[in-house]
Amino acid sequence: MKNFKFVLLLVAMFVATTAMAKDIWEIQITCNPEGKLGDHSKLIKSILKENVKGYDDFDIKEKTKTLIVRFDYDKTDPATIVNILNEKDHGLKATLSTSVQPISLSLEKAMQKFEDAKKDRSKAVDKLKNECSDYDSAYKKLMEELNKATQRGYIQQSEIVRTKIEVKEETVKD
């Protein structure tokens, strides 16, 4: 029953995460820059950060002179990004090269968290099993000693085995 509740909790967490996550999209922008495209990277980064709502990240492919920009499609559109880049950096000469492609980064991150939680749960269950088996063996040993003393008809103080058994509870952290 506890396993079912745990799985149900993970599924609910996964659904909530994907429902609230932003849609990250990716566009490829072909550039015909003056000099190397990499020379423009600091300027491109500051332009995107300051002027593009929903900007996430970008990469530069120097060989193909391509700029790959990731952004939240709910907050901006590809044409706006290209226009802002050309307006702020005249030497970039950017044009939209391919269609916009959605990237399900939020889904991938949620699935990774789910897999990590499954691994953490498995480790916690294994640890608990080990601790329980240690507890069981200590309990059995104590009971055997007490049974031996009882069979003799008396218990001497030296025969009483005092055993301290600890079961540690640990919570699984995200």
# chains A, B, ... in the order shown; residues from 1 in each chain; ligands from 1
>>> residues_around(residues="Asp59 in chain A", least_positions_apart="4", cutoff="7 Å", atoms="only C-alpha atoms", output="PyMOL selection string")
chain A and resi 67-69
>>> residues_around(residues="range 88-99 of chain A", least_positions_apart="2", cutoff="12 Å", atoms="only C-alpha atoms", output="VMD selection string")
chain A and resid 25 to 48 50 to 52 64 to 69 77 to 86 101 to 102
>>> write_last_selection(atoms="N, CA and C atoms", output="CSV table (one decimal), in the first residue's frame")
chain,number,residue,atom,x,y,z
A,25,TRP,N,11.3,26.4,-26.8
A,25,TRP,CA,11.4,26.2,-28.3
A,25,TRP,C,12.8,26.6,-28.7
A,26,GLU,N,13.2,26.1,-29.9
A,26,GLU,CA,14.5,26.3,-30.4
A,26,GLU,C,14.4,26.8,-31.9
A,27,ILE,N,15.2,27.8,-32.2
A,27,ILE,CA,15.3,28.3,-33.6
A,27,ILE,C,16.7,28.3,-34.0
A,28,GLN,N,16.9,28.1,-35.3
A,28,GLN,CA,18.3,28.3,-35.8
A,28,GLN,C,18.3,29.5,-36.7
A,29,ILE,N,19.3,30.4,-36.4
A,29,ILE,CA,19.4,31.6,-37.1
A,29,ILE,C,20.8,31.6,-37.9
A,30,THR,N,20.7,31.8,-39.2
A,30,THR,CA,21.9,31.8,-40.0
A,30,THR,C,22.4,33.2,-40.0
A,31,CYS,N,23.7,33.4,-39.8
A,31,CYS,CA,24.3,34.7,-39.7
A,31,CYS,C,25.4,34.8,-40.7
A,32,ASN,N,25.6,36.0,-41.2
A,32,ASN,CA,26.7,36.4,-42.1
A,32,ASN,C,27.5,37.5,-41.4
A,33,PRO,N,28.2,37.2,-40.3
A,33,PRO,CA,28.8,38.2,-39.5
A,33,PRO,C,30.1,38.8,-40.1
A,34,GLU,N,30.4,40.0,-39.7
A,34,GLU,CA,31.7,40.6,-40.0
A,34,GLU,C,32.7,39.9,-39.0
A,35,GLY,N,33.6,39.1,-39.5
A,35,GLY,CA,34.5,38.4,-38.7
A,35,GLY,C,33.9,37.1,-38.3
A,36,LYS,N,34.4,36.5,-37.2
A,36,LYS,CA,33.9,35.2,-36.6
A,36,LYS,C,32.6,35.5,-35.9
A,37,LEU,N,31.7,34.5,-35.9
A,37,LEU,CA,30.5,34.6,-35.2
A,37,LEU,C,30.8,34.5,-33.7
A,38,GLY,N,31.8,33.8,-33.3
A,38,GLY,CA,32.2,33.7,-31.9
A,38,GLY,C,32.6,35.0,-31.3
A,39,ASP,N,33.1,35.9,-32.1
A,39,ASP,CA,33.5,37.3,-31.6
A,39,ASP,C,32.2,38.1,-31.2
A,40,HIS,N,31.1,37.7,-31.7
A,40,HIS,CA,29.9,38.4,-31.4
A,40,HIS,C,29.1,37.8,-30.1
A,41,SER,N,29.7,36.7,-29.6
A,41,SER,CA,28.9,36.0,-28.6
A,41,SER,C,28.5,36.8,-27.3
A,42,LYS,N,29.5,37.6,-26.8
A,42,LYS,CA,29.1,38.4,-25.6
A,42,LYS,C,28.0,39.4,-25.9
A,43,LEU,N,28.1,40.0,-27.1
A,43,LEU,CA,27.1,41.0,-27.5
A,43,LEU,C,25.8,40.3,-27.7
A,44,ILE,N,25.8,39.1,-28.3
A,44,ILE,CA,24.5,38.4,-28.6
A,44,ILE,C,23.9,38.0,-27.3
A,45,LYS,N,24.7,37.5,-26.3
A,45,LYS,CA,24.2,37.1,-25.0
A,45,LYS,C,23.5,38.3,-24.3
A,46,SER,N,24.2,39.5,-24.3
A,46,SER,CA,23.6,40.6,-23.6
A,46,SER,C,22.3,41.1,-24.3
A,47,ILE,N,22.3,41.1,-25.7
A,47,ILE,CA,21.1,41.5,-26.4
A,47,ILE,C,20.0,40.6,-26.1
A,48,LEU,N,20.2,39.3,-26.1
A,48,LEU,CA,19.1,38.3,-25.8
A,48,LEU,C,18.6,38.5,-24.4
A,50,GLU,N,18.7,41.1,-22.3
A,50,GLU,CA,18.1,42.4,-22.0
A,50,GLU,C,16.8,42.6,-22.8
A,51,ASN,N,16.7,42.0,-24.0
A,51,ASN,CA,15.6,42.5,-24.9
A,51,ASN,C,14.6,41.4,-25.3
A,52,VAL,N,14.9,40.1,-25.0
A,52,VAL,CA,14.0,39.0,-25.4
A,52,VAL,C,13.4,38.4,-24.2
A,64,THR,N,29.1,26.4,-39.4
A,64,THR,CA,27.9,26.7,-40.2
A,64,THR,C,27.4,28.1,-40.0
A,65,LYS,N,28.1,28.9,-39.2
A,65,LYS,CA,27.7,30.3,-38.9
A,65,LYS,C,26.2,30.3,-38.5
A,66,THR,N,25.9,29.4,-37.5
A,66,THR,CA,24.5,29.3,-37.1
A,66,THR,C,24.4,29.6,-35.6
A,67,LEU,N,23.4,30.3,-35.3
A,67,LEU,CA,23.1,30.7,-33.9
A,67,LEU,C,21.8,29.9,-33.5
A,68,ILE,N,21.9,29.1,-32.4
A,68,ILE,CA,20.7,28.3,-32.0
A,68,ILE,C,20.2,29.0,-30.7
A,69,VAL,N,19.0,29.5,-30.7
A,69,VAL,CA,18.4,30.2,-29.6
A,69,VAL,C,17.3,29.4,-29.0
A,77,ASP,N,8.4,35.5,-30.1
A,77,ASP,CA,8.3,34.7,-31.3
A,77,ASP,C,9.7,34.8,-32.1
A,78,PRO,N,9.9,33.9,-33.0
A,78,PRO,CA,11.2,33.8,-33.7
A,78,PRO,C,11.5,35.1,-34.5
A,79,ALA,N,10.5,35.7,-35.2
A,79,ALA,CA,10.8,36.9,-36.0
A,79,ALA,C,11.2,38.0,-35.1
A,80,THR,N,10.7,38.2,-33.9
A,80,THR,CA,11.1,39.2,-33.0
A,80,THR,C,12.5,39.0,-32.6
A,81,ILE,N,12.9,37.8,-32.3
A,81,ILE,CA,14.3,37.6,-31.9
A,81,ILE,C,15.3,38.0,-33.0
A,82,VAL,N,15.0,37.6,-34.3
A,82,VAL,CA,15.8,37.9,-35.4
A,82,VAL,C,15.9,39.4,-35.6
A,83,ASN,N,14.7,40.1,-35.5
A,83,ASN,CA,14.7,41.5,-35.7
A,83,ASN,C,15.5,42.3,-34.6
A,84,ILE,N,15.4,41.8,-33.4
A,84,ILE,CA,16.1,42.4,-32.3
A,84,ILE,C,17.6,42.2,-32.5
A,85,LEU,N,18.1,41.0,-32.9
A,85,LEU,CA,19.5,40.8,-33.1
A,85,LEU,C,20.0,41.7,-34.2
A,86,ASN,N,19.3,41.8,-35.3
A,86,ASN,CA,19.8,42.7,-36.4
A,86,ASN,C,19.7,44.2,-36.0
A,101,GLN,N,11.3,24.7,-33.8
A,101,GLN,CA,11.0,23.3,-33.3
A,101,GLN,C,10.8,23.3,-31.8
A,102,PRO,N,9.8,22.7,-31.3
A,102,PRO,CA,9.6,22.6,-29.9
A,102,PRO,C,10.6,21.6,-29.3
>>> atom_distance(atom1="CA of Lys118 in chain A", atom2="CA of Asn130 in chain A")
18.5 Å
>>> select_by_dssp(residues="range 42-127 of chain A", states="strand (DSSP E or B)", output="list in words")
Tyr55, Asp56, Asp57, Phe58, Asp59, Ile60, Lys61, Thr66, Leu67, Ile68, Val69, Arg70, Phe71, Asp72, Ala94, Thr95, Leu96, Gln101, Pro102 and Ile103 of chain A
>>> residues_around(residues="Asp56 in chain A", least_positions_apart="6", cutoff="8 Å", atoms="only C-alpha atoms", output="number ranges by chain")
A: 24, 69-72
>>> write_last_selection(atoms="all heavy atoms", output="compact mmCIF listing (two decimals), in the first residue's frame")
# COMPACT_ATOMS: atom_id res chain seq x y z
N ILE A 24 9.82 25.31 -23.96
CA ILE A 24 11.08 25.79 -24.50
C ILE A 24 11.13 25.40 -25.98
O ILE A 24 10.98 24.24 -26.31
CB ILE A 24 12.29 25.20 -23.74
CG1 ILE A 24 12.22 25.55 -22.26
CG2 ILE A 24 13.59 25.68 -24.36
CD1 ILE A 24 12.33 27.01 -21.95
N VAL A 69 18.99 29.49 -30.73
CA VAL A 69 18.42 30.22 -29.60
C VAL A 69 17.25 29.42 -29.03
O VAL A 69 16.36 28.98 -29.76
CB VAL A 69 17.93 31.63 -30.02
CG1 VAL A 69 17.34 32.37 -28.84
CG2 VAL A 69 19.07 32.42 -30.64
N ARG A 70 17.26 29.24 -27.69
CA ARG A 70 16.16 28.58 -26.99
C ARG A 70 15.40 29.63 -26.19
O ARG A 70 16.01 30.48 -25.53
CB ARG A 70 16.70 27.48 -26.09
CG ARG A 70 17.17 26.27 -26.89
CD ARG A 70 17.80 25.20 -26.03
NE ARG A 70 19.11 25.56 -25.52
CZ ARG A 70 20.22 25.56 -26.23
NH1 ARG A 70 20.21 25.28 -27.50
NH2 ARG A 70 21.36 25.90 -25.68
N PHE A 71 14.06 29.57 -26.25
CA PHE A 71 13.24 30.59 -25.63
C PHE A 71 11.86 30.04 -25.31
O PHE A 71 11.46 28.99 -25.81
CB PHE A 71 13.12 31.81 -26.56
CG PHE A 71 12.45 31.49 -27.88
CD1 PHE A 71 11.10 31.77 -28.06
CD2 PHE A 71 13.16 30.90 -28.91
CE1 PHE A 71 10.48 31.46 -29.26
CE2 PHE A 71 12.54 30.58 -30.10
CZ PHE A 71 11.20 30.87 -30.29
N ASP A 72 11.11 30.77 -24.50
CA ASP A 72 9.74 30.42 -24.14
C ASP A 72 8.82 31.01 -25.21
O ASP A 72 8.69 32.23 -25.33
CB ASP A 72 9.40 30.98 -22.76
CG ASP A 72 8.03 30.56 -22.27
OD1 ASP A 72 7.24 30.02 -23.07
OD2 ASP A 72 7.74 30.79 -21.08
